[in-house]
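*Asks:* Here you go, work.cif (mmCIF, C-alpha atoms):
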data_data
loop_
_atom_site.label_atom_id
_atom_site.label_comp_id
_atom_site.auth_asym_id
_atom_site.auth_seq_id
_atom_site.Cartn_x
_atom_site.Cartn_y
_atom_site.Cartn_z
CA MET I 15 0.00 0.00 0.00
CA ALA I 16 2.89 2.35 0.76
CA LYS I 17 4.18 1.77 -2.76
CA GLU I 18 0.80 2.75 -4.23
CA TYR I 19 0.64 5.96 -2.18
CA SER I 20 4.18 6.89 -3.21
CA ILE I 21 3.28 6.52 -6.89
CA ILE I 22 0.13 8.62 -6.46
CA PHE I 23 2.20 11.26 -4.69
CA ALA I 24 4.69 11.24 -7.59
CA PHE I 25 1.87 11.98 -10.06
CA VAL I 26 0.58 14.87 -7.93
CA LEU I 27 4.10 16.22 -7.44
CA MET I 28 4.80 16.08 -11.17
CA GLY I 29 1.62 18.02 -11.83
CA SER I 30 2.60 20.67 -9.31
CA VAL I 31 6.07 21.07 -10.80
CA VAL I 32 4.77 21.32 -14.35
CA PHE I 33 2.11 23.83 -13.33
CA ALA I 34 4.66 25.95 -11.47
CA THR I 35 7.30 25.95 -14.20
CA GLU I 36 4.92 26.27 -17.15
CA ALA I 37 2.36 28.67 -15.75
CA TYR I 38 2.38 30.66 -18.96
CA ALA I 39 0.97 27.69 -20.90
CA GLU I 40 -2.78 27.20 -20.58
CA ASP I 41 -4.25 23.70 -20.14
CA ASN I 42 -1.01 21.88 -20.89
CA PHE I 43 -1.38 19.32 -18.11
CA ASP I 44 -4.23 16.86 -17.40
CA ILE I 45 -4.83 14.42 -14.55
CA LEU I 46 -7.38 11.62 -15.07
CA ILE I 47 -8.59 9.64 -12.07
CA GLU I 48 -10.60 6.58 -13.04
CA THR I 49 -12.47 4.07 -10.90
CA GLY I 50 -15.33 1.61 -11.15
CA ALA I 51 -16.18 -2.06 -11.37
CA VAL I 52 -14.47 -4.82 -13.34
CA TRP I 53 -15.62 -8.31 -14.33
CA GLN I 54 -13.64 -11.34 -15.45
CA SER I 55 -14.82 -12.70 -18.77
CA ARG I 56 -11.78 -14.94 -19.07
CA ASN I 57 -8.78 -15.71 -16.87
CA ASP I 58 -7.03 -18.93 -17.89
CA VAL I 59 -3.69 -19.87 -16.36
CA GLN I 60 -1.38 -22.86 -16.81
CA ILE I 61 2.17 -22.79 -15.40
CA PRO I 62 4.28 -24.33 -16.80
CA SER I 63 2.41 -24.45 -20.09
CA ASN I 64 3.50 -28.04 -20.86
CA SER I 65 3.02 -29.70 -17.46
CA GLY I 66 0.82 -27.50 -15.27
CA THR I 67 -2.95 -27.76 -14.89
CA ARG I 68 -5.00 -25.31 -16.92
CA LEU I 69 -7.44 -23.55 -14.62
CA GLU I 70 -10.22 -21.06 -15.39
CA VAL I 71 -9.91 -18.57 -12.54
CA ASP I 72 -13.03 -16.66 -13.61
CA GLU I 73 -15.20 -19.69 -12.77
CA PHE I 74 -14.43 -19.16 -9.06
CA ASN I 75 -15.75 -15.58 -9.10
CA ASP I 76 -16.27 -13.41 -12.18
CA GLY I 77 -16.81 -10.20 -10.18
CA PRO I 78 -17.49 -7.37 -9.94
CA PHE I 79 -14.26 -6.17 -8.37
CA TYR I 80 -13.18 -2.62 -7.53
CA TYR I 81 -10.36 -0.94 -9.43
CA TYR I 82 -8.74 2.44 -9.98
CA ARG I 83 -6.09 3.97 -12.22
CA ILE I 84 -4.41 7.34 -12.69
CA GLU I 85 -3.23 8.95 -15.91
CA SER I 86 -1.45 12.22 -16.56
CA TYR I 87 -0.86 14.05 -19.86
CA TYR I 88 1.66 16.79 -20.49
CA ARG I 89 1.41 18.67 -23.79
CA VAL I 90 4.90 19.78 -24.74
CA ASN I 91 3.44 21.89 -27.56
CA GLN I 92 0.57 21.74 -30.07
CA LYS I 93 1.84 18.53 -31.68
CA HIS I 94 3.71 16.56 -29.01
CA ALA I 95 2.61 15.15 -25.66
CA LEU I 96 3.71 12.71 -22.96
CA ARG I 97 1.45 10.38 -20.99
CA LEU I 98 1.98 8.48 -17.73
CA VAL I 99 -0.29 5.66 -16.57
CA TYR I 100 -0.42 3.93 -13.21
CA ALA I 101 -2.90 1.04 -13.37
CA PRO I 102 -2.76 -1.30 -10.37
CA PHE I 103 -5.01 -4.35 -10.34
CA GLU I 104 -5.28 -7.19 -7.85
CA ILE I 105 -8.07 -9.64 -7.04
CA GLU I 106 -8.50 -12.67 -4.82
CA VAL I 107 -10.92 -15.55 -5.48
CA THR I 108 -11.60 -18.79 -3.63
CA GLY I 109 -13.29 -21.93 -4.90
CA ARG I 110 -13.20 -25.71 -5.21
CA PRO I 111 -11.15 -26.58 -8.30
CA GLY I 112 -13.01 -29.84 -9.08
CA LYS I 113 -9.76 -31.56 -10.03
CA ALA I 114 -6.24 -31.93 -8.72
CA VAL I 115 -4.13 -28.94 -9.72
CA VAL I 116 -0.42 -28.61 -10.42
CA PHE I 117 0.80 -25.01 -10.43
CA ASP I 118 4.48 -24.22 -11.02
CA GLY I 119 5.42 -27.70 -9.85
CA GLN I 120 3.32 -27.62 -6.67
CA ALA I 121 0.36 -30.01 -6.30
CA PHE I 122 -2.97 -28.86 -4.84
CA SER I 123 -5.85 -31.08 -3.77
CA ASP I 124 -9.30 -31.17 -5.38
CA SER I 125 -10.95 -31.80 -1.99
CA GLU I 126 -10.24 -28.36 -0.48
CA ASP I 127 -10.94 -24.79 -1.45
CA LEU I 128 -8.18 -23.12 -3.43
CA THR I 129 -7.41 -19.40 -3.06
CA ILE I 130 -5.93 -17.57 -6.04
CA ARG I 131 -4.45 -14.09 -5.83
CA TYR I 132 -4.00 -12.45 -9.20
CA LYS I 133 -1.99 -9.24 -9.60
CA PHE I 134 -1.42 -7.38 -12.85
CA ASN I 135 -0.03 -3.89 -12.27
CA SER I 136 0.81 -1.75 -15.28
CA TYR I 137 3.13 1.26 -15.51
CA ARG I 138 3.28 3.11 -18.84
CA LEU I 139 4.99 6.03 -20.52
CA SER I 140 3.70 7.19 -23.91
CA TYR I 141 4.88 9.62 -26.54
CA ILE I 142 1.90 11.03 -28.48
CA TYR I 143 1.78 12.99 -31.73
CA GLY I 144 -1.34 15.09 -32.28
CA PHE I 145 -2.45 15.31 -35.90
CA TRP I 146 -5.16 17.84 -34.97
CA ASP I 147 -3.22 19.91 -32.41
CA PHE I 148 -4.88 18.45 -29.26
CA GLY I 149 -8.00 20.58 -29.73
CA ASP I 150 -11.61 19.65 -29.04
CA ASP I 151 -11.52 17.18 -31.94
CA GLN I 152 -8.41 15.00 -31.79
CA LEU I 153 -6.60 12.29 -33.72
CA ASN I 154 -3.49 11.14 -31.89
CA LEU I 155 -0.96 8.38 -32.52
CA GLY I 156 2.01 7.31 -30.44
CA PHE I 157 4.12 4.66 -28.78
CA THR I 158 3.83 3.30 -25.25
CA GLY I 159 6.47 1.60 -23.14
CA LYS I 160 4.74 -0.62 -20.60
CA VAL I 161 6.23 -2.33 -17.56
CA ARG I 162 4.17 -5.34 -16.53
CA ASP I 163 4.29 -6.37 -12.87
CA ALA I 164 2.29 -9.60 -12.64
CA LYS I 165 2.08 -12.23 -9.93
CA THR I 166 -0.19 -15.25 -9.47
CA THR I 167 -0.36 -17.09 -6.14
CA PHE I 168 -2.14 -20.38 -5.39
CA SER I 169 -2.79 -21.15 -1.71
CA GLN I 170 -4.38 -24.11 0.06
CA SER I 171 -4.09 -25.03 3.76
CA ASN I 172 -0.38 -24.52 4.56
CA ILE I 173 0.72 -24.73 0.91
CA SER I 174 1.42 -21.68 -1.22
CA GLU I 175 3.11 -21.20 -4.58
CA SER I 176 3.69 -17.96 -6.52
CA TYR I 177 4.79 -17.13 -10.03
CA ASP I 178 6.14 -13.64 -10.82
CA ASN I 179 6.20 -12.19 -14.31
CA VAL I 180 7.81 -8.78 -14.67
CA GLY I 181 8.69 -7.48 -18.11
CA PHE I 182 8.65 -4.70 -20.69
CA VAL I 183 6.08 -4.53 -23.49
CA PRO I 184 6.11 -2.01 -26.40
CA LEU I 185 2.64 -0.88 -27.49
CA LEU I 186 1.05 1.30 -30.14
CA TYR I 187 -1.22 4.11 -28.95
CA PHE I 188 -4.27 5.47 -30.79
CA GLU I 189 -6.78 8.09 -29.64
CA TYR I 190 -9.78 9.74 -31.30
CA GLN I 191 -11.94 12.41 -29.72
CA LYS I 192 -15.10 13.96 -31.16
CA THR I 193 -16.79 17.06 -29.75
CA LEU I 194 -20.59 16.76 -29.62
CA ASN I 195 -21.39 20.23 -28.25
CA SER I 196 -19.97 22.80 -25.84
CA ASN I 197 -20.25 20.41 -22.89
CA TRP I 198 -20.00 16.85 -24.24
CA ASN I 199 -17.40 14.87 -26.17
CA LEU I 200 -16.68 11.23 -26.96
CA ASN I 201 -13.18 9.82 -26.46
CA PHE I 202 -11.78 6.49 -27.65
CA ASN I 203 -8.22 5.39 -26.88
CA VAL I 204 -6.32 2.12 -27.05
CA ASP I 205 -2.89 0.68 -26.27
CA LEU I 206 -2.26 -2.49 -28.27
CA ALA I 207 0.33 -4.99 -29.46
CA ALA I 208 0.24 -8.42 -31.08
CA ALA I 209 2.85 -11.08 -31.77
CA ALA I 210 3.04 -14.83 -32.31
CA GLN I 211 3.66 -15.38 -28.57
CA GLY I 212 0.81 -13.22 -27.32
CA ARG I 213 -1.11 -9.96 -27.45
CA ALA I 214 -2.22 -7.01 -25.32
CA VAL I 215 -5.19 -4.67 -25.82
CA ASP I 216 -6.40 -1.96 -23.44
CA ALA I 217 -9.26 0.04 -24.99
CA ALA I 218 -11.67 2.57 -23.49
CA LEU I 219 -14.71 4.48 -24.77
CA LYS I 220 -15.82 7.45 -22.67
CA ALA I 221 -18.48 10.15 -22.79
CA ARG I 222 -17.21 13.28 -21.01
CA TYR I 223 -19.26 16.15 -19.62
CA LYS I 224 -17.53 19.47 -18.87
CA PHE I 225 -19.09 20.73 -15.63
CA ARG I 226 -16.49 23.46 -15.08
CA GLU I 227 -14.07 25.29 -17.34
CA LYS I 228 -11.15 22.97 -16.55
CA SER I 229 -12.96 19.93 -15.14
CA SER I 230 -15.05 17.13 -16.61
CA LEU I 231 -16.74 13.91 -15.56
CA GLY I 232 -16.70 10.84 -17.76
CA VAL I 233 -18.58 7.57 -17.90
CA GLY I 234 -17.82 4.64 -20.14
CA VAL I 235 -16.45 1.18 -20.62
CA ARG I 236 -12.98 -0.31 -20.79
CA SER I 237 -11.82 -3.70 -22.07
CA LEU I 238 -8.45 -5.26 -21.23
CA GLU I 239 -7.55 -8.44 -23.08
CA GLY I 240 -4.37 -10.37 -23.79
CA GLY I 241 -1.89 -12.92 -22.63
CA ALA I 242 1.02 -15.13 -23.59
CA ASP I 243 1.59 -18.70 -24.73
CA ASN I 244 5.20 -19.84 -24.47
CA GLU I 245 7.34 -22.55 -22.87
CA LYS I 246 7.03 -21.04 -19.39
CA VAL I 247 3.44 -19.91 -19.19
CA PHE I 248 0.00 -20.09 -20.76
CA ALA I 249 -2.05 -17.16 -19.47
CA PHE I 250 -4.88 -15.33 -21.21
CA SER I 251 -7.37 -12.97 -19.60
CA TRP I 252 -10.19 -10.65 -20.56
CA PHE I 253 -11.52 -8.03 -18.15
CA ASN I 254 -14.42 -5.65 -18.81
CA TYR I 255 -14.91 -2.42 -16.87
CA ALA I 256 -17.69 0.05 -16.10
CA LEU I 257 -15.89 3.29 -15.34
CA LEU I 258 -16.29 6.73 -13.83
CA GLU I 259 -13.63 9.34 -14.58
CA LEU I 260 -12.67 12.74 -13.18
CA LYS I 261 -10.49 14.85 -15.49
CA LEU I 262 -8.71 17.98 -14.25
CA SER I 263 -6.80 20.39 -16.51
CA PHE I 264 -4.12 22.87 -15.46
#
Would you write out, as structure tokens, the structure that this file holds?
*Replies:*
Amino acid sequence: MAKEYSIIFAFVLMGSVVFATEAYAEDNFDILIETGAVWQSRNDVQIPSNSGTRLEVDEFNDGPFYYYRIESYYRVNQKHALRLVYAPFEIEVTGRPGKAVVFDGQAFSDSEDLTIRYKFNSYRLSYIYGFWDFGDDQLNLGFTGKVRDAKTTFSQSNISESYDNVGFVPLLYFEYQKTLNSNWNLNFNVDLAAAAQGRAVDAALKARYKFREKSSLGVGVRSLEGGADNEKVFAFSWFNYALLELKLSF
């Protein structure tokens, strides 16, 4: 928890520094705070992929679960921007597996409840190029560097086994925003990548209402899907979100 608070503090501090040093620039910095409910549509795990037991974690409990994430945007000028994303995510489910389970070499019984803790934290830095100058209507393309901090833990009685998966993933970024009137706009954005070993897609569609000059509220949906299939791990998941967003501009 201390780590999460320190990251939130870093985002707030960065916003304060940018606002102080770039006070002459109007609306060059945004903070987006997003929260809501998330459901598991798929969460399959098998570790190792050639000898472990494939288990459908979503069958234990498909949600809803609580989540939050924080994004910040800094517009360097009318064409170039930077984006930071802190997206922590962790759930815990408990259920009877219905079959003996082998996870990362550890055997678990089918006669007792099995607790699974699933963590998938995401830290991202994006460079964004604005084709339409970051105005009310926008078409933006860019590149995202993502650090994945994932961990899956199986626990039963006095037995526990964890598998960590930390790595870097390059993604493409796309964003389109359409102004509907003086108060409403629609925003679609996605980070995505695909390869023979796996894929990653994080897409959101939001309707935003400007209730103050530099503040807006958004509602929408988000879908996070992807995974990997290699010698070490088979893991594919699909999470769907109902979201509420607060956007502040400086």
*Asks:* Give the answer as one residue: which of I:Gly241, I:Pro78, I:Gly112, I:Gly156 has the shortest atom-to-atom distance to I:Val59, using all atoms listed in the file?
*Replies:*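 Of I:Gly241, I:Pro78, I:Gly112, I:Gly156, the one nearest I:Val59, counting all atoms listed in the file, is I:Gly241.
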*Asks:* Per residue of stretch 25-116 of chain I within 8 Å of stretch 141-148 of chain I, what are the shortest atom pair and its distance in Å to one decimal, counting all atoms listed in the file, with rows by chain and residue number, as a tab-separated table?
*Replies:*
residue	atom	partner	partner_atom	distance
I:Gln92	CA	I:Asp147	CA	4.8
I:Lys93	CA	I:Gly144	CA	4.7
I:His94	CA	I:Tyr143	CA	4.9
I:Ala95	CA	I:Ile142	CA	5.0
I:Leu96	CA	I:Tyr141	CA	4.9
I:Arg97	CA	I:Tyr141	CA	6.6
*Asks:* Would you write out, as number ranges by chain, every residue that the PyMOL selection byres ((chain I and resi 205) around 6) captures in this file?
*Replies:* I: 185-187, 204, 206, 215-216
*Asks:* For the structure shown, which residues end up in the PyMOL selection byres ((chain I and resi 196) around 10)? Put them as number ranges by chain, please?
*Replies:* I: 150, 193-195, 197-199, 223-224
*Asks:* On this structure, which residues satisfy the PyMOL selection byres ((chain I and resi 160-171) around 10), written as a PyMOL selection string?
*Replies:* chain I and resi 59+61+98-99+102-106+108+115-118+120-123+126-140+157-159+172-185+205
*Asks:* Smallest atom-to-atom distance to I:Ala217: which of I:Glu70, I:Leu231, I:Asp243, I:Tyr190, using only C-alpha atoms?
*Replies:*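 Counting only C-alpha atoms, the residue closest to I:Ala217 is I:Tyr190.
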